[in-house]
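> Next comes my_file.tsv, TSV, C-alpha atoms:
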```
chain	number	residue	atom	x	y	z
J	1	MET	CA	0.00	0.00	0.00
J	2	THR	CA	1.38	3.41	-0.94
J	3	ASN	CA	0.91	6.28	1.48
J	4	THR	CA	1.18	9.96	0.66
J	5	PRO	CA	4.01	11.44	2.74
J	6	GLN	CA	2.79	13.63	5.59
J	7	SER	CA	4.84	16.56	4.26
J	8	LYS	CA	2.79	16.68	1.05
J	9	ARG	CA	-0.57	16.72	2.77
J	10	ALA	CA	-2.61	19.87	3.30
J	11	PRO	CA	-1.90	21.58	6.66
J	12	ARG	CA	-5.30	20.59	8.11
J	13	ASN	CA	-5.14	17.02	6.83
J	14	ARG	CA	-5.04	14.85	9.96
J	15	THR	CA	-5.22	11.47	8.19
J	16	LEU	CA	-3.15	8.95	10.11
J	17	THR	CA	-0.24	7.43	8.19
J	18	LEU	CA	2.67	5.21	9.14
J	19	SER	CA	6.37	5.92	8.93
J	20	ASP	CA	8.89	3.19	8.24
J	21	ASP	CA	9.91	3.43	11.89
J	22	ASP	CA	6.28	2.87	12.90
J	23	ARG	CA	6.11	-0.26	10.77
J	24	ARG	CA	9.29	-1.72	12.22
J	25	ARG	CA	8.22	-0.93	15.77
J	26	LEU	CA	4.63	-2.16	15.50
J	27	LYS	CA	5.08	-5.29	13.41
J	28	PRO	CA	6.28	-7.50	16.33
J	29	ARG	CA	2.94	-6.86	18.06
J	30	LEU	CA	0.98	-8.67	15.36
J	31	GLN	CA	-0.03	-12.27	15.95
J	32	THR	CA	-0.36	-15.20	13.55
J	33	LEU	CA	-1.94	-18.38	14.87
J	34	ASP	CA	-0.67	-21.85	13.98
J	35	ALA	CA	-2.41	-23.81	16.75
J	36	PRO	CA	-5.51	-23.47	18.97
J	37	ALA	CA	-4.97	-20.35	21.06
J	38	LYS	CA	-5.67	-19.66	24.70
J	39	LEU	CA	-7.66	-16.50	25.32
J	40	ASP	CA	-5.05	-14.87	27.56
J	41	ALA	CA	-2.52	-15.12	24.75
J	42	ILE	CA	-4.60	-13.31	22.14
J	43	VAL	CA	-6.86	-10.91	24.03
J	44	ASN	CA	-6.24	-7.23	23.18
J	45	THR	CA	-4.22	-8.13	20.10
J	46	THR	CA	-4.38	-7.84	16.33
J	47	ILE	CA	-4.18	-11.12	14.43
J	48	HIS	CA	-2.57	-10.76	11.00
J	49	GLN	CA	-4.18	-13.68	9.21
J	50	ASP	CA	-6.89	-14.82	6.85
J	51	VAL	CA	-10.19	-15.10	8.68
J	52	PHE	CA	-10.73	-18.71	7.59
J	53	LYS	CA	-7.39	-19.72	9.11
J	54	ALA	CA	-7.72	-17.69	12.31
J	55	LEU	CA	-11.32	-18.34	13.39
J	56	PRO	CA	-10.95	-22.14	13.80
J	57	LEU	CA	-8.07	-21.51	16.22
J	58	LEU	CA	-9.92	-19.14	18.57
J	59	PRO	CA	-11.24	-20.46	21.91
J	60	ASP	CA	-14.81	-21.70	22.34
J	61	ALA	CA	-17.46	-19.27	23.62
J	62	CYS	CA	-15.07	-16.36	24.11
J	63	ALA	CA	-16.79	-13.45	22.30
J	64	ASP	CA	-19.52	-11.35	23.90
J	65	LEU	CA	-19.95	-9.21	20.79
J	66	VAL	CA	-18.95	-9.62	17.14
J	67	PHE	CA	-18.75	-6.71	14.71
J	68	ALA	CA	-18.29	-7.89	11.13
J	69	ASP	CA	-17.64	-5.50	8.24
J	70	PRO	CA	-16.88	-7.92	5.39
J	71	PRO	CA	-16.12	-6.93	1.78
J	72	TYR	CA	-19.37	-5.94	0.11
J	73	ASN	CA	-20.58	-7.65	-3.02
J	74	LEU	CA	-19.20	-4.90	-5.26
J	75	LYS	CA	-16.76	-4.60	-8.14
J	76	GLN	CA	-13.92	-2.53	-6.76
J	77	PRO	CA	-10.19	-2.68	-6.03
J	78	PHE	CA	-9.46	-3.23	-2.35
J	79	ASN	CA	-5.83	-3.18	-1.23
J	80	SER	CA	-4.44	-4.57	-4.51
J	81	VAL	CA	-7.15	-7.27	-4.61
J	82	ASN	CA	-10.02	-6.94	-7.08
J	83	PHE	CA	-13.40	-7.97	-5.72
J	84	ASN	CA	-15.97	-8.86	-8.35
J	85	PRO	CA	-19.67	-9.12	-7.57
J	86	ASP	CA	-20.98	-12.67	-7.31
J	87	GLU	CA	-24.48	-13.77	-7.94
J	88	LEU	CA	-26.36	-13.05	-4.74
J	89	GLN	CA	-26.58	-16.75	-3.92
J	90	GLN	CA	-22.80	-17.10	-4.21
J	91	TYR	CA	-22.27	-14.13	-1.93
J	92	GLN	CA	-24.69	-15.63	0.56
J	93	GLU	CA	-22.77	-18.91	0.54
J	94	TRP	CA	-19.53	-17.02	1.20
J	95	LEU	CA	-21.17	-15.21	4.12
J	96	GLU	CA	-22.39	-18.52	5.54
J	97	SER	CA	-18.90	-20.02	5.31
J	98	TRP	CA	-17.49	-17.67	7.98
J	99	LEU	CA	-20.69	-17.06	9.95
J	100	ALA	CA	-20.78	-20.80	10.64
J	101	LEU	CA	-17.30	-20.54	12.18
J	102	LEU	CA	-18.41	-17.77	14.52
J	103	GLN	CA	-21.15	-19.83	16.17
J	104	ARG	CA	-18.63	-21.81	18.22
J	105	ILE	CA	-16.71	-18.70	19.24
J	106	MET	CA	-19.67	-16.63	20.45
J	107	LYS	CA	-21.12	-16.93	23.94
J	108	PRO	CA	-24.78	-18.00	24.25
J	109	GLY	CA	-25.79	-14.42	25.08
J	110	ALA	CA	-23.61	-12.79	22.42
J	111	SER	CA	-24.70	-10.39	19.69
J	112	ILE	CA	-23.37	-9.94	16.18
J	113	TYR	CA	-23.63	-6.92	13.89
J	114	ILE	CA	-23.03	-7.45	10.16
J	115	CYS	CA	-22.42	-4.56	7.76
J	116	GLY	CA	-23.61	-4.39	4.17
J	117	ASP	CA	-25.12	-2.21	1.47
J	118	TRP	CA	-28.51	-2.38	-0.24
J	119	ARG	CA	-27.29	-4.97	-2.76
J	120	SER	CA	-25.84	-7.35	-0.18
J	121	SER	CA	-28.47	-6.94	2.53
J	122	PRO	CA	-30.82	-9.68	1.23
J	123	ALA	CA	-27.94	-12.16	1.28
J	124	ILE	CA	-26.91	-11.05	4.77
J	125	TYR	CA	-30.44	-11.52	6.09
J	126	HIS	CA	-30.79	-15.04	4.69
J	127	ALA	CA	-27.29	-16.09	5.73
J	128	ALA	CA	-27.57	-14.69	9.26
J	129	SER	CA	-31.00	-16.28	9.71
J	130	LYS	CA	-29.45	-19.73	9.37
J	131	PHE	CA	-27.25	-19.26	12.44
J	132	PHE	CA	-28.65	-16.42	14.55
J	133	LYS	CA	-31.82	-14.61	15.51
J	134	VAL	CA	-32.15	-11.52	13.33
J	135	ARG	CA	-33.36	-8.63	15.50
J	136	ASN	CA	-33.22	-5.56	13.28
J	137	ARG	CA	-31.70	-3.85	10.28
J	138	ILE	CA	-30.05	-0.54	11.12
J	139	THR	CA	-29.74	1.95	8.28
J	140	TRP	CA	-27.20	4.72	8.66
J	141	GLU	CA	-26.74	7.81	6.53
J	142	ARG	CA	-23.43	7.77	4.70
J	143	GLU	CA	-23.42	11.36	3.54
J	144	LYS	CA	-20.00	11.12	1.88
J	145	GLY	CA	-19.71	10.59	-1.87
J	146	ARG	CA	-20.52	12.09	-5.23
J	147	GLY	CA	-23.95	12.37	-6.78
J	148	ALA	CA	-25.25	10.04	-9.47
J	149	LYS	CA	-26.34	11.39	-12.86
J	150	ALA	CA	-28.76	8.63	-13.84
J	151	ASN	CA	-29.86	7.30	-10.46
J	152	TRP	CA	-30.55	8.33	-6.88
J	153	LYS	CA	-27.35	8.98	-4.99
J	154	ASN	CA	-26.54	6.03	-2.74
J	155	SER	CA	-26.07	7.58	0.71
J	156	HIS	CA	-26.82	4.83	3.18
J	157	GLU	CA	-25.52	1.51	4.42
J	158	ASP	CA	-27.02	-1.21	6.61
J	159	VAL	CA	-25.95	-2.99	9.78
J	160	TRP	CA	-27.85	-6.15	10.67
J	161	PHE	CA	-28.31	-6.75	14.41
J	162	CYS	CA	-28.51	-10.44	15.37
J	163	THR	CA	-28.18	-12.46	18.56
J	164	ALA	CA	-27.11	-16.00	19.36
J	165	SER	CA	-30.20	-16.56	21.53
J	166	ASN	CA	-33.17	-14.82	23.12
J	167	ASP	CA	-31.08	-14.04	26.20
J	168	TYR	CA	-28.92	-11.11	25.15
J	169	CYS	CA	-27.65	-7.73	26.31
J	170	PHE	CA	-29.14	-4.43	25.13
J	171	ASN	CA	-28.30	-1.32	27.16
J	172	VAL	CA	-30.86	1.13	25.84
J	173	ASP	CA	-30.00	3.95	28.24
J	174	ALA	CA	-26.37	3.88	27.10
J	175	VAL	CA	-27.22	4.76	23.50
J	176	LYS	CA	-29.86	7.45	23.76
J	177	LEU	CA	-29.45	10.38	21.38
J	178	LYS	CA	-29.42	13.99	22.56
J	179	ARG	CA	-31.57	16.01	20.18
J	180	ARG	CA	-32.16	19.72	20.06
J	181	VAL	CA	-35.82	20.61	20.77
J	182	ILE	CA	-37.15	23.00	18.12
J	183	ALA	CA	-40.73	23.39	19.41
J	184	PRO	CA	-40.64	22.69	23.16
J	185	TYR	CA	-43.92	21.66	24.75
J	186	LYS	CA	-44.62	22.48	28.40
J	187	HIS	CA	-46.88	21.11	31.11
J	188	ASP	CA	-49.67	23.29	32.50
J	189	ASP	CA	-47.35	24.41	35.27
J	190	GLY	CA	-44.83	25.66	32.72
J	191	GLN	CA	-42.27	22.89	33.26
J	192	PRO	CA	-40.60	21.24	30.25
J	193	LYS	CA	-42.42	18.20	28.87
J	194	ASP	CA	-39.91	15.42	28.12
J	195	TRP	CA	-37.03	17.84	27.53
J	196	ASN	CA	-34.48	19.81	29.50
J	197	ALA	CA	-33.96	23.55	29.38
J	198	GLY	CA	-30.45	24.93	29.77
J	199	ASP	CA	-28.34	27.97	29.09
J	200	ASP	CA	-27.00	26.21	25.98
J	201	GLY	CA	-30.43	25.39	24.51
J	202	ASN	CA	-33.24	22.91	24.84
J	203	PHE	CA	-32.47	19.20	24.45
J	204	ARG	CA	-34.25	15.89	24.73
J	205	LEU	CA	-32.82	12.41	25.24
J	206	THR	CA	-34.55	10.08	22.77
J	207	HIS	CA	-34.61	6.31	22.47
J	208	PRO	CA	-32.33	4.94	19.75
J	209	SER	CA	-33.99	3.95	16.48
J	210	ASN	CA	-32.78	1.83	13.57
J	211	LEU	CA	-32.23	4.97	11.45
J	212	TRP	CA	-28.94	6.68	12.25
J	213	THR	CA	-28.49	10.14	10.75
J	214	ASP	CA	-25.97	11.50	13.25
J	215	LEU	CA	-22.79	9.88	11.89
J	216	SER	CA	-19.95	11.45	9.94
J	217	VAL	CA	-17.89	9.25	7.66
J	218	PRO	CA	-14.21	9.79	8.57
J	219	PHE	CA	-12.58	12.35	6.30
J	220	TRP	CA	-9.24	14.08	5.95
J	221	SER	CA	-9.57	16.62	8.80
J	222	MET	CA	-10.65	14.04	11.41
J	223	PRO	CA	-7.90	12.46	13.54
J	224	GLU	CA	-9.54	9.01	13.29
J	225	ASN	CA	-9.24	9.03	9.50
J	226	THR	CA	-6.92	6.61	7.70
J	227	ASP	CA	-6.40	5.68	4.05
J	228	HIS	CA	-8.61	2.61	4.42
J	229	PRO	CA	-11.29	2.96	1.69
J	230	THR	CA	-14.29	1.75	3.72
J	231	GLN	CA	-13.46	2.87	7.25
J	232	LYS	CA	-16.41	2.96	9.66
J	233	PRO	CA	-16.92	5.91	12.03
J	234	GLU	CA	-15.84	5.39	15.62
J	235	LYS	CA	-19.21	6.79	16.69
J	236	LEU	CA	-20.98	3.94	14.86
J	237	LEU	CA	-18.85	1.40	16.73
J	238	ALA	CA	-19.51	3.19	20.02
J	239	LYS	CA	-23.27	2.78	19.56
J	240	VAL	CA	-22.89	-0.93	18.84
J	241	ILE	CA	-20.45	-1.63	21.65
J	242	LEU	CA	-22.31	0.34	24.32
J	243	ALA	CA	-25.66	-1.18	23.39
J	244	SER	CA	-24.56	-4.81	23.17
J	245	SER	CA	-21.76	-5.31	25.67
J	246	HIS	CA	-20.67	-4.57	29.22
J	247	PRO	CA	-17.34	-3.26	30.50
J	248	ASP	CA	-14.58	-5.88	30.20
J	249	ASP	CA	-16.60	-7.91	27.66
J	250	LEU	CA	-14.74	-9.21	24.62
J	251	VAL	CA	-15.38	-7.61	21.22
J	252	LEU	CA	-14.30	-9.61	18.15
J	253	ASP	CA	-13.91	-8.14	14.67
J	254	PRO	CA	-13.04	-10.76	12.01
J	255	PHE	CA	-12.55	-8.09	9.29
J	256	LEU	CA	-10.75	-5.44	11.31
J	257	GLY	CA	-9.58	-3.14	8.54
J	258	SER	CA	-7.77	-0.18	10.09
J	259	GLY	CA	-8.98	-1.02	13.57
J	260	ALA	CA	-12.09	0.97	14.49
J	261	ALA	CA	-13.72	-1.86	16.47
J	262	SER	CA	-10.62	-2.57	18.56
J	263	VAL	CA	-9.92	1.13	19.10
J	264	VAL	CA	-13.44	1.93	20.31
J	265	ALA	CA	-13.56	-1.21	22.44
J	266	LYS	CA	-10.40	-0.03	24.19
J	267	LYS	CA	-11.79	3.49	24.62
J	268	LEU	CA	-14.95	2.09	26.22
J	269	GLY	CA	-13.26	-0.33	28.59
J	270	ARG	CA	-13.83	-3.55	26.64
J	271	ARG	CA	-11.36	-6.22	25.61
J	272	TYR	CA	-10.87	-6.92	21.92
J	273	ILE	CA	-9.52	-9.24	19.25
J	274	GLY	CA	-9.15	-8.07	15.67
J	275	ILE	CA	-8.41	-10.24	12.63
J	276	GLU	CA	-7.12	-8.64	9.42
J	277	GLN	CA	-5.23	-10.21	6.52
J	278	ASN	CA	-3.57	-7.00	5.31
J	279	GLU	CA	-0.43	-6.09	7.22
J	280	GLU	CA	-0.62	-2.34	6.57
J	281	TYR	CA	-4.11	-2.13	8.03
J	282	CYS	CA	-3.02	-4.24	11.01
J	283	LEU	CA	-0.22	-1.78	11.67
J	284	LEU	CA	-2.59	1.18	11.35
J	285	ALA	CA	-4.85	-0.49	13.90
J	286	GLU	CA	-1.95	-0.91	16.30
J	287	ARG	CA	-0.91	2.73	15.86
J	288	ARG	CA	-4.48	3.86	16.56
J	289	LEU	CA	-4.57	1.68	19.67
J	290	GLU	CA	-1.40	3.43	20.87
J	291	LEU	CA	-3.03	6.82	20.40
J	292	VAL	CA	-5.96	5.85	22.63
J	293	GLU	CA	-3.60	6.27	25.58
J	294	THR	CA	-3.40	10.02	24.95
J	295	ASP	CA	-6.79	10.60	23.27
J	296	PRO	CA	-9.68	8.39	24.41
J	297	THR	CA	-12.36	10.68	22.95
J	298	ILE	CA	-15.00	9.64	20.40
J	299	GLN	CA	-16.26	12.35	18.08
J	300	GLY	CA	-19.96	13.03	18.67
J	301	TYR	CA	-20.07	11.17	21.99
J	302	THR	CA	-19.35	12.99	25.23
J	303	GLY	CA	-20.65	13.03	28.75
J	304	GLY	CA	-22.18	9.60	28.22
J	305	VAL	CA	-24.46	10.95	25.49
J	306	PHE	CA	-24.60	10.73	21.70
J	307	TRP	CA	-25.27	14.07	20.04
J	308	GLU	CA	-26.91	14.87	16.74
J	309	ARG	CA	-24.46	15.79	14.03
J	310	ASN	CA	-23.01	19.29	14.59
J	311	THR	CA	-25.08	20.12	17.70
J	312	LEU	CA	-22.26	19.29	20.13
J	313	ALA	CA	-19.92	21.72	18.40
J	314	GLN	CA	-22.61	24.41	18.51
J	315	GLN	CA	-23.12	23.91	22.23
J	316	GLN	CA	-19.39	23.99	22.92
J	317	ASN	CA	-19.03	27.21	20.93
J	318	GLN	CA	-21.90	28.80	22.85
J	319	SER	CA	-20.40	27.72	26.17
J	320	SER	CA	-16.95	29.09	25.30
J	321	SER	CA	-18.39	32.43	24.15
J	322	LYS	CA	-20.19	32.86	27.50
J	323	THR	CA	-16.96	32.36	29.45
J	324	ARG	CA	-14.97	34.98	27.55
```
What is this structure when it is put down as structure tokens?


Amino acid sequence: MTNTPQSKRAPRNRTLTLSDDDRRRLKPRLQTLDAPAKLDAIVNTTIHQDVFKALPLLPDACADLVFADPPYNLKQPFNSVNFNPDELQQYQEWLESWLALLQRIMKPGASIYICGDWRSSPAIYHAASKFFKVRNRITWEREKGRGAKANWKNSHEDVWFCTASNDYCFNVDAVKLKRRVIAPYKHDDGQPKDWNAGDDGNFRLTHPSNLWTDLSVPFWSMPENTDHPTQKPEKLLAKVILASSHPDDLVLDPFLGSGAASVVAKKLGRRYIGIEQNEEYCLLAERRLELVETDPTIQGYTGGVFWERNTLAQQQNQSSSKTR
């Protein structure tokens, strides 16, 4: 993978890249399994290996939560490998081949979230239904991208929420969204009705829905951004991890990419295992995990609350102006 040197980037470009020194320093941290592994030996690590070789070597019933962001059924180059779209049935069979391996690894009360787009979602639903209980399809607004001239612009992706059983974790209060109240209703006594009034505006905590419009796809001025072509926002991972796990639970990502799942798991006090076959992305993940030590923040999530897109920045600006 070729990276643009930091010196040639725009001054405000905060995209994370690796130096040769970073690569030499971080590479010894990567694991490759050649025999069944004990959990203590692989927890909080990045496994540099093909998913079909690594999954059979993981311990039984070790994962509390799985986040899977597999290659979509699209024709596109991906890290020097060209993916070509299969017939939907073929893609479904490929999904089933690794979902079947996860059954043994997941705890009875575990959850799994599977990412896809509108083309692959039917295959994901049918494949996941063979192994798990499908609970919901989350649709999130992916506002990044160019418009289409002869079609509607594709600006959303899906995340399928499934569980291993009917006994599962869902922490609804941990993932409520803080929304600005435009037309605040009041009780007869003048008190706010289901909202809170403050010097910084009127806000309401709302229950999470399966339509997420408060996410920003990582871009060049965000410190979480890397050169990975399909990187998921840390805020998306935070919603998943907070809703479907407890502190110290184990989060497994079999298609780690540049490390968002492991990074957010660490930020939120969970353990993690990430599997990724591309060495450069593994090293990016390890560098991001290092940076958590000095910056544990998640953009759009603060004070135990998720904020609508841009409203947190507005509130912070208002607060700072009042203290000047």

> Mind pulling up the distance from atom CA of J:Arg204 to atom CA of J:Cys115?

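The value is 29.1 Å.
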
> Which residue is closest to J:Ile298? Choose from J:Asp249, J:Asp117, J:Glu286, J:Glu224 and count only C-alpha atoms.

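When distances to J:Ile298 are compared using only C-alpha atoms, the smallest one comes from J:Glu224.
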
> In Å, with one decimal, what is the gap from atom CA of J:Arg119 to atom CA of J:Asn73?

7.2 Å

> Determine the nearest neighbour of J:Thr213 from the options J:His246, J:Lys239, J:Arg142, J:Arg270, counting all atoms listed in the file.

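For J:Thr213, the nearest of the candidates is J:Arg142.
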
> Using all atoms listed in the file, which residues of stretch 56-129 of chain J come within 6 Å of stretch 162-172 of chain J, and what is the closest atom pair for each, with the distance in Å to one decimal? Give it as CSV, sorted by chain and residue number.


```
residue,atom,partner,partner_atom,distance
J:Pro108,CA,J:Ala164,CA,5.8
J:Gly109,CA,J:Tyr168,CA,4.6
J:Ala110,CA,J:Ala164,CA,5.6
J:Ser111,CA,J:Thr163,CA,4.2
J:Ile112,CA,J:Cys162,CA,5.2
```

> For J:Pro28, list every protein, DNA or RNA residue within 12 Å, evaluated using all atoms listed in the file, and leave out those in the same chain fewer than 5 positions away; present the list as a list in words.

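Near J:Pro28, the qualifying residues are Asp22, Arg23, Thr45, Thr46, Ile47, His48, Glu279, Cys282, Leu283 and Glu286 of chain J.
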
> By how many Å are atom CA of J:Leu252 and atom CA of J:Asp64 apart?

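Pair atom CA of J:Leu252 / atom CA of J:Asp64 returns 8.0 Å.
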